[in-house]
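S.K.: Dropping in final12.cif, which is mmCIF, C-alpha atoms:
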```
data_protein
#
loop_
_atom_site.group_PDB
_atom_site.id
_atom_site.type_symbol
_atom_site.label_atom_id
_atom_site.label_comp_id
_atom_site.auth_asym_id
_atom_site.auth_seq_id
_atom_site.Cartn_x
_atom_site.Cartn_y
_atom_site.Cartn_z
ATOM 1 C CA MET M 1 0.000 0.000 0.000
ATOM 2 C CA ASN M 2 1.183 3.519 -0.862
ATOM 3 C CA GLU M 3 3.188 5.150 1.938
ATOM 4 C CA SER M 4 1.135 8.352 1.940
ATOM 5 C CA VAL M 5 -2.096 6.346 2.196
ATOM 6 C CA VAL M 6 -0.767 4.491 5.242
ATOM 7 C CA ARG M 7 0.316 7.821 6.777
ATOM 8 C CA LEU M 8 -3.143 9.303 6.287
ATOM 9 C CA THR M 9 -4.942 6.307 7.772
ATOM 10 C CA LYS M 10 -2.825 6.782 10.898
ATOM 11 C CA ARG M 11 -3.592 10.511 11.003
ATOM 12 C CA ALA M 12 -7.278 9.610 10.996
ATOM 13 C CA ALA M 13 -6.682 8.007 14.413
ATOM 14 C CA VAL M 14 -7.081 11.375 16.153
ATOM 15 C CA ASP M 15 -10.505 11.994 14.622
ATOM 16 C CA PRO M 16 -13.495 10.288 16.300
ATOM 17 C CA TYR M 17 -15.338 10.422 12.951
ATOM 18 C CA PHE M 18 -13.185 7.529 11.750
ATOM 19 C CA LEU M 19 -13.049 3.960 13.010
ATOM 20 C CA ALA M 20 -9.283 4.533 13.204
ATOM 21 C CA PHE M 21 -9.862 6.518 16.405
ATOM 22 C CA ALA M 22 -11.555 3.636 18.233
ATOM 23 C CA LEU M 23 -9.056 1.112 16.904
ATOM 24 C CA ALA M 24 -6.152 3.270 18.099
ATOM 25 C CA GLU M 25 -7.620 3.505 21.600
ATOM 26 C CA TYR M 26 -8.261 -0.236 21.666
ATOM 27 C CA ALA M 27 -4.720 -0.976 20.451
ATOM 28 C CA ALA M 28 -3.183 1.418 22.987
ATOM 29 C CA ALA M 29 -5.131 -0.164 25.858
ATOM 30 C CA GLY M 30 -4.016 -3.631 24.811
ATOM 31 C CA ASN M 31 -0.482 -2.558 23.843
ATOM 32 C CA LEU M 32 -1.037 -3.920 20.336
ATOM 33 C CA ASP M 33 1.040 -2.955 17.320
ATOM 34 C CA ASP M 34 -0.470 -2.966 13.829
ATOM 35 C CA ALA M 35 0.239 -6.632 13.236
ATOM 36 C CA ALA M 36 -1.235 -7.652 16.586
ATOM 37 C CA LEU M 37 -4.300 -5.446 16.104
ATOM 38 C CA ALA M 38 -4.865 -6.867 12.639
ATOM 39 C CA ALA M 39 -4.504 -10.392 14.036
ATOM 40 C CA ALA M 40 -6.978 -9.662 16.829
ATOM 41 C CA LEU M 41 -9.477 -8.438 14.256
ATOM 42 C CA GLY M 42 -8.827 -11.508 12.132
ATOM 43 C CA THR M 43 -7.342 -9.630 9.203
ATOM 44 C CA THR M 44 -4.058 -8.365 7.726
ATOM 45 C CA PRO M 45 -2.277 -4.993 8.195
ATOM 46 C CA ASP M 46 -3.136 -4.077 4.582
ATOM 47 C CA VAL M 47 -6.849 -4.544 5.176
ATOM 48 C CA LEU M 48 -6.507 -2.713 8.490
ATOM 49 C CA ALA M 49 -5.818 0.490 6.532
ATOM 50 C CA HIS M 50 -9.186 0.139 4.779
ATOM 51 C CA ILE M 51 -10.969 -0.452 8.070
ATOM 52 C CA ARG M 52 -9.360 2.580 9.697
ATOM 53 C CA LEU M 53 -10.911 4.954 7.180
ATOM 54 C CA CYS M 54 -14.444 3.632 7.617
ATOM 55 C CA PRO M 55 -16.749 5.950 9.563
ATOM 56 C CA ALA M 56 -17.108 5.044 13.251
ATOM 57 C CA PRO M 57 -20.397 3.306 14.066
ATOM 58 C CA ARG M 58 -23.331 5.533 14.933
ATOM 59 C CA ALA M 59 -23.906 6.163 18.644
ATOM 60 C CA ASP M 60 -27.464 4.827 18.943
ATOM 61 C CA ALA M 61 -27.780 1.128 19.753
ATOM 62 C CA GLU M 62 -29.531 0.168 16.548
ATOM 63 C CA GLY M 63 -27.185 2.138 14.330
ATOM 64 C CA PHE M 64 -24.150 0.882 16.246
ATOM 65 C CA GLY M 65 -25.091 -2.769 15.729
ATOM 66 C CA ALA M 66 -25.886 -2.306 12.060
ATOM 67 C CA ASP M 67 -22.664 -0.392 11.356
ATOM 68 C CA VAL M 68 -20.432 -2.877 13.173
ATOM 69 C CA GLU M 69 -22.158 -5.741 11.379
ATOM 70 C CA ARG M 70 -21.701 -4.045 8.005
ATOM 71 C CA VAL M 71 -17.974 -3.392 8.460
ATOM 72 C CA ALA M 72 -17.305 -6.819 10.022
ATOM 73 C CA THR M 73 -19.083 -8.561 7.162
ATOM 74 C CA LYS M 74 -17.510 -6.455 4.421
ATOM 75 C CA PHE M 75 -13.950 -7.020 5.650
ATOM 76 C CA GLY M 76 -14.401 -10.472 7.245
ATOM 77 C CA LEU M 77 -13.545 -9.300 10.772
ATOM 78 C CA ASN M 78 -13.936 -10.746 14.238
ATOM 79 C CA ARG M 79 -17.199 -9.049 15.187
ATOM 80 C CA ASP M 80 -16.606 -9.255 18.964
ATOM 81 C CA VAL M 81 -13.244 -7.483 18.774
ATOM 82 C CA LEU M 82 -14.638 -4.834 16.451
ATOM 83 C CA THR M 83 -17.567 -4.289 18.820
ATOM 84 C CA ALA M 84 -15.244 -3.948 21.817
ATOM 85 C CA ALA M 85 -12.936 -1.546 19.981
ATOM 86 C CA ALA M 86 -15.794 0.611 18.691
ATOM 87 C CA ARG M 87 -17.419 0.792 22.143
ATOM 88 C CA GLN M 88 -14.114 1.782 23.730
ATOM 89 C CA GLY M 89 -13.621 4.483 21.132
ATOM 90 C CA GLN M 90 -17.076 5.880 21.785
ATOM 91 C CA VAL M 91 -16.597 5.985 25.549
ATOM 92 C CA ILE M 92 -13.274 7.788 25.253
ATOM 93 C CA ALA M 93 -14.659 10.261 22.707
ATOM 94 C CA GLU M 94 -17.563 10.992 25.061
ATOM 95 C CA MET M 95 -15.185 11.469 28.003
ATOM 96 C CA ARG M 96 -13.091 13.910 26.004
ATOM 97 C CA ALA M 97 -16.155 15.835 24.912
ATOM 98 C CA ALA M 98 -17.297 16.031 28.538
ATOM 99 C CA ALA M 99 -13.839 17.215 29.565
ATOM 100 C CA GLU M 100 -13.993 20.003 26.997
ATOM 101 C CA ARG M 101 -17.356 21.088 28.369
ATOM 102 C CA ASN M 102 -16.143 21.015 31.981
ATOM 103 C CA PRO M 103 -12.339 21.077 32.193
ATOM 104 C CA GLU M 104 -12.276 21.565 35.982
ATOM 105 C CA ALA M 105 -14.232 18.411 36.723
ATOM 106 C CA ALA M 106 -12.213 16.518 34.172
ATOM 107 C CA GLY M 107 -9.003 17.691 35.815
ATOM 108 C CA LYS M 108 -10.147 16.366 39.196
ATOM 109 C CA LEU M 109 -11.139 13.081 37.602
ATOM 110 C CA LEU M 110 -7.764 12.734 35.932
ATOM 111 C CA ALA M 111 -5.972 13.632 39.172
ATOM 112 C CA ALA M 112 -7.971 10.987 41.043
ATOM 113 C CA ARG M 113 -7.180 8.464 38.359
ATOM 114 C CA ASP M 114 -3.472 9.244 38.451
ATOM 115 C CA ARG M 115 -3.216 9.260 42.284
ATOM 116 C CA LYS M 116 -1.291 6.241 43.466
ATOM 117 C CA PRO M 117 -3.130 4.043 45.969
ATOM 118 C CA SER M 118 -1.656 4.408 49.481
ATOM 119 C CA MET D 1 0.159 12.593 -12.160
ATOM 120 C CA TRP D 2 -3.539 13.178 -11.602
ATOM 121 C CA PRO D 3 -5.969 10.559 -12.834
ATOM 122 C CA SER D 4 -8.655 11.842 -15.192
ATOM 123 C CA ASP D 5 -11.436 13.987 -13.743
ATOM 124 C CA ASP D 6 -13.882 11.206 -14.631
ATOM 125 C CA GLU D 7 -11.902 8.683 -12.576
ATOM 126 C CA ILE D 8 -11.754 11.038 -9.612
ATOM 127 C CA HIS D 9 -15.458 11.820 -9.815
ATOM 128 C CA ASP D 10 -16.316 8.106 -10.074
ATOM 129 C CA ALA D 11 -14.312 7.447 -6.888
ATOM 130 C CA TRP D 12 -16.083 10.365 -5.200
ATOM 131 C CA ARG D 13 -19.503 8.966 -6.225
ATOM 132 C CA ARG D 14 -18.535 5.584 -4.785
ATOM 133 C CA LEU D 15 -17.483 7.315 -1.572
ATOM 134 C CA VAL D 16 -20.815 9.127 -1.311
ATOM 135 C CA ALA D 17 -22.706 5.881 -1.928
ATOM 136 C CA ASP D 18 -20.483 3.789 0.350
ATOM 137 C CA PRO D 19 -18.467 5.657 3.019
ATOM 138 C CA ASP D 20 -16.417 2.487 3.629
ATOM 139 C CA THR D 21 -14.528 3.097 0.364
ATOM 140 C CA GLY D 22 -12.417 5.911 1.813
ATOM 141 C CA THR D 23 -9.105 4.147 1.245
ATOM 142 C CA ALA D 24 -9.729 3.700 -2.488
ATOM 143 C CA PHE D 25 -10.495 7.399 -2.761
ATOM 144 C CA VAL D 26 -7.360 8.296 -0.795
ATOM 145 C CA ALA D 27 -5.159 6.036 -2.900
ATOM 146 C CA LEU D 28 -6.427 7.764 -6.036
ATOM 147 C CA VAL D 29 -6.167 11.422 -5.006
ATOM 148 C CA LEU D 30 -3.681 11.789 -2.147
ATOM 149 C CA PRO D 31 -0.379 11.079 -3.961
ATOM 150 C CA PRO D 32 -1.085 13.475 -6.880
ATOM 151 C CA LEU D 33 -2.479 16.107 -4.498
ATOM 152 C CA GLU D 34 0.621 15.963 -2.323
ATOM 153 C CA ALA D 35 2.842 16.180 -5.402
ATOM 154 C CA ALA D 36 0.904 19.138 -6.834
ATOM 155 C CA LEU D 37 1.037 20.974 -3.518
ATOM 156 C CA GLY D 38 4.766 20.262 -3.242
ATOM 157 C CA ARG D 39 5.340 21.753 -6.711
ATOM 158 C CA LEU D 40 3.366 24.843 -5.768
ATOM 159 C CA PHE D 41 5.191 25.311 -2.455
ATOM 160 C CA PRO D 42 8.708 23.976 -3.088
ATOM 161 C CA ARG D 43 10.221 25.878 -0.164
ATOM 162 C CA VAL D 44 7.744 24.704 2.447
ATOM 163 C CA ASP D 45 8.684 21.791 4.715
ATOM 164 C CA PRO D 46 7.451 18.639 2.907
ATOM 165 C CA HIS D 47 5.990 17.383 6.187
ATOM 166 C CA ARG D 48 3.761 20.469 6.334
ATOM 167 C CA VAL D 49 2.769 19.934 2.702
ATOM 168 C CA ALA D 50 1.874 16.314 3.459
ATOM 169 C CA GLU D 51 -0.099 17.394 6.527
ATOM 170 C CA ALA D 52 -2.133 19.869 4.470
ATOM 171 C CA ALA D 53 -2.808 17.291 1.753
ATOM 172 C CA ASP D 54 -3.882 14.776 4.406
ATOM 173 C CA ASP D 55 -6.207 17.286 6.060
ATOM 174 C CA ALA D 56 -7.804 18.204 2.743
ATOM 175 C CA VAL D 57 -8.496 14.605 1.798
ATOM 176 C CA LEU D 58 -9.779 13.702 5.263
ATOM 177 C CA SER D 59 -12.144 16.676 5.194
ATOM 178 C CA ILE D 60 -13.570 15.542 1.859
ATOM 179 C CA ILE D 61 -14.083 12.025 3.212
ATOM 180 C CA ARG D 62 -15.859 13.407 6.272
ATOM 181 C CA ARG D 63 -18.074 15.678 4.193
ATOM 182 C CA ALA D 64 -18.120 14.131 0.753
ATOM 183 C CA THR D 65 -21.390 15.792 -0.159
ATOM 184 C CA ALA D 66 -19.916 19.278 0.414
ATOM 185 C CA PHE D 67 -18.397 18.966 -3.026
ATOM 186 C CA ASP D 68 -20.618 19.859 -5.977
ATOM 187 C CA PRO D 69 -19.397 18.023 -9.097
ATOM 188 C CA GLY D 70 -21.466 20.329 -11.300
ATOM 189 C CA ARG D 71 -19.350 23.357 -10.412
ATOM 190 C CA SER D 72 -15.715 22.388 -10.841
ATOM 191 C CA PRO D 73 -13.411 19.368 -11.011
ATOM 192 C CA LEU D 74 -12.741 17.710 -7.665
ATOM 193 C CA ARG D 75 -9.018 17.922 -8.446
ATOM 194 C CA LYS D 76 -9.192 21.739 -8.312
ATOM 195 C CA PHE D 77 -11.419 21.707 -5.254
ATOM 196 C CA LEU D 78 -8.988 19.455 -3.382
ATOM 197 C CA LEU D 79 -6.075 21.704 -4.273
ATOM 198 C CA LEU D 80 -8.021 24.739 -3.082
ATOM 199 C CA VAL D 81 -8.841 23.093 0.252
ATOM 200 C CA ALA D 82 -5.245 21.893 0.656
ATOM 201 C CA ARG D 83 -3.890 25.398 -0.008
ATOM 202 C CA ARG D 84 -6.174 26.807 2.666
ATOM 203 C CA ASP D 85 -5.111 24.071 5.079
ATOM 204 C CA LEU D 86 -1.446 24.756 4.368
ATOM 205 C CA SER D 87 -2.005 28.470 4.869
ATOM 206 C CA ASN D 88 -3.595 27.816 8.243
ATOM 207 C CA ILE D 89 -0.803 25.427 9.244
ATOM 208 C CA LEU D 90 1.836 28.007 8.311
ATOM 209 C CA LYS D 91 -0.009 30.725 10.193
ATOM 210 C CA ALA D 92 -0.140 28.497 13.266
ATOM 211 C CA ASP D 93 3.576 27.797 12.884
ATOM 212 C CA GLY D 94 4.232 31.519 12.620
ATOM 213 C CA ARG D 95 2.293 32.229 15.784
ATOM 214 C CA HIS D 96 4.060 29.450 17.615
ATOM 215 C CA HIS D 97 7.587 30.267 16.538
ATOM 216 C CA ARG D 98 7.577 34.036 16.323
ATOM 217 C CA GLU D 99 4.967 34.940 18.931
ATOM 218 C CA ARG D 100 3.957 37.839 16.757
ATOM 219 C CA ILE D 101 0.477 39.298 16.474
ATOM 220 C CA PRO D 102 -1.678 36.631 14.827
ATOM 221 C CA TRP D 103 -2.704 37.024 11.239
ATOM 222 C CA ALA D 104 -5.718 39.254 10.912
ATOM 223 C CA THR D 105 -7.863 36.743 9.091
ATOM 224 C CA VAL D 106 -8.564 33.097 9.713
ATOM 225 C CA GLU D 107 -10.224 31.276 6.880
ATOM 226 C CA LEU D 108 -12.543 28.343 7.109
ATOM 227 C CA THR D 109 -10.611 25.158 6.496
ATOM 228 C CA HIS D 110 -13.310 24.077 4.108
ATOM 229 C CA PRO D 111 -14.418 26.562 1.460
ATOM 230 C CA ALA D 112 -18.123 27.308 1.453
ATOM 231 C CA GLY D 113 -18.471 25.718 -1.949
ATOM 232 C CA ASN D 114 -16.320 24.845 -4.879
ATOM 233 C CA GLU D 115 -16.123 27.859 -7.117
ATOM 234 C CA SER D 116 -16.398 27.416 -10.818
ATOM 235 C CA THR D 117 -13.027 27.560 -12.513
ATOM 236 C CA ASP D 118 -13.956 25.877 -15.765
ATOM 237 C CA GLY D 119 -13.241 27.268 -19.180
ATOM 238 C CA GLU D 120 -9.739 28.605 -18.499
ATOM 239 C CA THR D 121 -7.474 27.567 -21.326
ATOM 240 C CA PHE D 122 -4.432 28.858 -23.148
ATOM 241 C CA ALA D 123 -5.362 27.016 -26.318
ATOM 242 C CA ASP D 124 -6.656 30.193 -27.951
ATOM 243 C CA HIS D 125 -3.919 32.445 -26.575
ATOM 244 C CA PRO D 126 -0.471 31.072 -27.458
ATOM 245 C CA GLU D 127 1.100 34.453 -26.725
ATOM 246 C CA LEU D 128 -0.068 34.235 -23.106
ATOM 247 C CA LEU D 129 1.191 30.683 -22.809
ATOM 248 C CA ALA D 130 4.584 31.828 -24.082
ATOM 249 C CA ALA D 131 4.583 34.674 -21.550
ATOM 250 C CA VAL D 132 3.877 32.298 -18.673
ATOM 251 C CA GLU D 133 6.509 29.853 -19.846
ATOM 252 C CA GLY D 134 8.989 32.715 -19.941
ATOM 253 C CA MET D 135 8.358 33.641 -16.297
ATOM 254 C CA SER D 136 10.613 32.620 -13.425
ATOM 255 C CA PRO D 137 9.448 29.554 -11.438
ATOM 256 C CA ASP D 138 8.372 31.888 -8.604
ATOM 257 C CA ASP D 139 6.280 34.027 -10.929
ATOM 258 C CA GLN D 140 4.780 30.928 -12.553
ATOM 259 C CA ARG D 141 3.584 29.792 -9.119
ATOM 260 C CA VAL D 142 2.183 33.248 -8.413
ATOM 261 C CA PHE D 143 0.411 33.169 -11.763
ATOM 262 C CA GLU D 144 -1.012 29.720 -11.013
ATOM 263 C CA LEU D 145 -2.395 30.905 -7.675
ATOM 264 C CA MET D 146 -3.886 34.045 -9.266
ATOM 265 C CA ARG D 147 -5.456 31.956 -12.011
ATOM 266 C CA ASP D 148 -7.045 29.721 -9.371
ATOM 267 C CA GLY D 149 -8.558 32.718 -7.605
ATOM 268 C CA GLU D 150 -6.283 32.637 -4.559
ATOM 269 C CA ARG D 151 -6.490 35.868 -2.526
ATOM 270 C CA ASP D 152 -4.710 34.957 0.691
ATOM 271 C CA THR D 153 -1.366 36.736 0.994
ATOM 272 C CA PRO D 154 0.213 34.063 3.241
ATOM 273 C CA VAL D 155 -0.476 31.448 0.550
ATOM 274 C CA PHE D 156 1.419 33.543 -2.004
ATOM 275 C CA ALA D 157 4.127 34.178 0.572
ATOM 276 C CA ALA D 158 4.539 30.453 1.161
ATOM 277 C CA ALA D 159 4.759 29.817 -2.569
ATOM 278 C CA LEU D 160 7.452 32.472 -2.836
ATOM 279 C CA GLY D 161 9.367 31.127 0.165
ATOM 280 C CA ILE D 162 9.042 34.362 2.152
ATOM 281 C CA ALA D 163 6.690 33.144 4.890
ATOM 282 C CA HIS D 164 9.425 33.856 7.460
ATOM 283 C CA LEU D 165 9.330 37.609 6.753
ATOM 284 C CA PRO D 166 7.178 40.042 8.752
ATOM 285 C CA ALA D 167 3.612 40.340 7.438
ATOM 286 C CA ASP D 168 4.080 43.815 5.923
ATOM 287 C CA GLU D 169 7.189 42.742 4.036
ATOM 288 C CA GLN D 170 5.373 39.639 2.786
ATOM 289 C CA ALA D 171 2.476 41.764 1.560
ATOM 290 C CA ALA D 172 4.810 44.146 -0.269
ATOM 291 C CA GLU D 173 6.780 41.328 -1.876
ATOM 292 C CA VAL D 174 3.609 39.488 -2.912
ATOM 293 C CA LYS D 175 2.206 42.677 -4.443
ATOM 294 C CA ARG D 176 5.410 43.195 -6.423
ATOM 295 C CA ALA D 177 5.240 39.616 -7.712
ATOM 296 C CA LYS D 178 1.564 39.964 -8.700
ATOM 297 C CA ASP D 179 2.259 43.279 -10.453
ATOM 298 C CA ARG D 180 5.169 41.695 -12.303
ATOM 299 C CA VAL D 181 2.989 38.816 -13.481
ATOM 300 C CA MET D 182 0.142 41.113 -14.543
ATOM 301 C CA ALA D 183 2.521 43.402 -16.438
ATOM 302 C CA ARG D 184 3.986 40.420 -18.243
ATOM 303 C CA LEU D 185 0.548 39.142 -19.216
ATOM 304 C CA LYS D 186 -0.614 42.572 -20.358
ATOM 305 C CA ARG D 187 2.468 42.988 -22.523
ATOM 306 C CA ALA D 188 1.859 39.558 -24.031
ATOM 307 C CA GLY D 189 -1.799 40.431 -24.651
ATOM 308 C CA ARG D 190 -0.746 43.547 -26.530
ATOM 309 C CA GLY D 191 1.628 41.463 -28.628
ATOM 310 C CA GLN D 192 4.815 43.054 -27.210
#
```
What does the file become when written as structure tokens?
M.R.:
Amino acid sequence: MNESVVRLTKRAAVDPYFLAFALAEYAAAGNLDDAALAAALGTTPDVLAHIRLCPAPRADAEGFGADVERVATKFGLNRDVLTAAARQGQVIAEMRAAAERNPEAAGKLLAARDRKPS
Amino acid sequence: MWPSDDEIHDAWRRLVADPDTGTAFVALVLPPLEAALGRLFPRVDPHRVAEAADDAVLSIIRRATAFDPGRSPLRKFLLLVARRDLSNILKADGRHHRERIPWATVELTHPAGNESTDGETFADHPELLAAVEGMSPDDQRVFELMRDGERDTPVFAAALGIAHLPADEQAAEVKRAKDRVMARLKRAGRGQ
């Protein structure tokens, strides 16, 4: 696959519009590189680039299920892993949006999260 | 090398009909867009050029229906969006590095609509073509931006490699370059 295409699919990982965002969060949480993420999804790194540029599933339950099903079927993916990744991406995107609306509360939350247990 | 406008528009139609075909669209338009932008801004950091090309293509994927194929070729629309993105990136760089007063204007990353640019051809005006071919590479880039309806001084400044200069010096230098190009074209039009 063309180098610039691969670069762009990775840039899409910062944009919650794209499935790349959710996949990046899922991979980071599981410490997965591209090969491991592709393997978890039951595909190859080349196909992973195509999946990254798909739109993220819609937020409503019905739309979410239909969108995950469509992408999983089209690219022959492990539906459970795709569901988990997409859900994780949605939760993180929602948390970030909430943090932008109320930075003070988000700061306290982050501080609490980062505080080491005594 | 750009694919034909028909090929690009077919890929765009597929993208509108099936948003999961983003990669095919990217593979078709991103490499030639990046190359065209690099030719237009040879003195700008290639990483910034790539970033602007990426942003332009991603914005089209996100809002594929914002493009109106009846008004102008998608190739020109993409280049227009990428130029605006590059201008904004360079402005942000300028603010970050120089800590000067920000540029007075901030454009929308995405133009409101693709403006019609059809019908421009040198086929009937060989004297103008000769005049353009006789210009320096800098002036040819300025001409190309003027022909495409560019009005943003920082875009011209980036094409001329003077984006590091203070804004007033950029404006003066860009004006001189535009005047030079116009004078050359007028002379050619009068057959001199």
S.K.: Could you pull out every residue with an atom within 12 Å of (-17.1, 13.2, 10.7), file coordinates, counting all atoms listed in the file, and send them as a list of chain:residue names?
M.R.: M:Ala12, M:Val14, M:Asp15, M:Pro16, M:Tyr17, M:Phe18, M:Leu19, M:Ala20, M:Phe21, M:Leu53, M:Cys54, M:Pro55, M:Ala56, M:Pro57, M:Arg58, D:Pro19, D:Leu58, D:Ser59, D:Ile60, D:Ile61, D:Arg62, D:Arg63, D:Ala64, D:Thr65
S.K.: For the structure provided, state which residues fall under the PyMOL selection byres ((chain D and resi 132) around 10), and present them as a PyMOL selection string.
M.R.: chain D and resi 126-131+133-137+139-141+143-144+181+184-185+188
S.K.: Would you give me, as JSON, numbers by chain, the residues of chain D that come within 6 Å of chain M, using only C-alpha atoms?
M.R.: {"D": [20, 22, 23, 27, 54]}
S.K.: I need the chosen residues saved as a JSON list (two decimals), in the coordinates of the input, with C-alpha atoms.
M.R.:
```
[["chain", "number", "residue", "atom", "x", "y", "z"],
["D", 20, "ASP", "CA", -16.42, 2.49, 3.63],
["D", 22, "GLY", "CA", -12.42, 5.91, 1.81],
["D", 23, "THR", "CA", -9.10, 4.15, 1.25],
["D", 27, "ALA", "CA", -5.16, 6.04, -2.90],
["D", 54, "ASP", "CA", -3.88, 14.78, 4.41]]
```
S.K.: Tell me, as JSON, numbers by chain, which residues lie within 12 Å of Asp10 in chain D, counting all atoms listed in the file; anything in the same chain fewer than 5 positions away does not count.
M.R.: {"D": [3, 4, 5, 15, 16, 17, 21, 24, 25, 28, 29, 69, 73, 74]}
S.K.: Print the selection's residues with C-alpha atoms to a file, as an mmCIF file, in the frame of the given file.
M.R.:
```cif
data_model
loop_
_atom_site.group_PDB
_atom_site.id
_atom_site.type_symbol
_atom_site.label_atom_id
_atom_site.label_comp_id
_atom_site.auth_asym_id
_atom_site.auth_seq_id
_atom_site.Cartn_x
_atom_site.Cartn_y
_atom_site.Cartn_z
ATOM 1 C CA PRO D 3 -5.969 10.559 -12.834
ATOM 2 C CA SER D 4 -8.655 11.842 -15.192
ATOM 3 C CA ASP D 5 -11.436 13.987 -13.743
ATOM 4 C CA LEU D 15 -17.483 7.315 -1.572
ATOM 5 C CA VAL D 16 -20.815 9.127 -1.311
ATOM 6 C CA ALA D 17 -22.706 5.881 -1.928
ATOM 7 C CA THR D 21 -14.528 3.097 0.364
ATOM 8 C CA ALA D 24 -9.729 3.700 -2.488
ATOM 9 C CA PHE D 25 -10.495 7.399 -2.761
ATOM 10 C CA LEU D 28 -6.427 7.764 -6.036
ATOM 11 C CA VAL D 29 -6.167 11.422 -5.006
ATOM 12 C CA PRO D 69 -19.397 18.023 -9.097
ATOM 13 C CA PRO D 73 -13.411 19.368 -11.011
ATOM 14 C CA LEU D 74 -12.741 17.710 -7.665
#
```
S.K.: Which of these, D:Ile8, D:Val155, D:Val44, D:Val57, has the shortest distance to Val81 in chain D once you count all atoms listed in the file?
M.R.: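 When distances to Val81 in chain D are compared using all atoms listed in the file, the smallest one comes from D:Val57.
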S.K.: So for range 36-51 of chain D, what box centre and size do we get, axis-aligned, 6 Å extra on each of the six sides, every listed atom, Å to one decimal, as JSON?
M.R.:
```
{"center_x": 5.1, "center_y": 21.1, "center_z": -0.2, "size_x": 22.3, "size_y": 21.6, "size_z": 25.4}
```
S.K.: Evaluate the PyMOL selection byres ((chain D and resi 163) around 10) on the structure here and hand back the selected residues as a list of chain:residue names.
M.R.: D:Arg43, D:Val44, D:Ser87, D:Leu90, D:Lys91, D:Gly94, D:Thr153, D:Pro154, D:Val155, D:Phe156, D:Ala157, D:Ala158, D:Ala159, D:Leu160, D:Gly161, D:Ile162, D:His164, D:Leu165, D:Pro166, D:Ala167, D:Glu169, D:Gln170
S.K.: Which residue out of M:Ala36, M:Leu23, M:Val68, M:Ala99 has the minimum interatomic distance to Thr83 in chain M when only C-alpha atoms are used?
M.R.: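 Among M:Ala36, M:Leu23, M:Val68, M:Ala99, it is M:Val68 that comes nearest to Thr83 in chain M.
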S.K.: Run through the PyMOL selection byres ((chain M and resi 34) around 12) on the given coordinates and return the selected residues as a ChimeraX atom specification.
M.R.: /M:6,9-10,20,23-24,26-28,30-33,35-41,43-49,52
S.K.: Check the smallest atom-to-atom distance from each of D:Leu79, D:Ala66, D:Ala52, D:Met1 to Asp148 in chain D using all atoms listed in the file, then report the winner.
M.R.: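 Comparing D:Leu79, D:Ala66, D:Ala52, D:Met1 against Asp148 in chain D, the winner is D:Leu79.
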S.K.: Please indicate the distance in Å from CA of Leu145 in chain D to CA of His9 in chain D, rounded to one decimal place.
M.R.: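 Result for CA of Leu145 in chain D versus CA of His9 in chain D: 23.2 Å, one decimal.
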S.K.: Please indicate the distance in Å from CA of Gly38 in chain D to CA of Asn88 in chain D, rounded to one decimal place.
M.R.: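 CA of Asn88 in chain D lies 16.1 Å from CA of Gly38 in chain D.
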S.K.: What's the separation between CA of Arg83 in chain D and CA of Phe67 in chain D, in Å to one decimal place?
M.R.: 16.2 Å
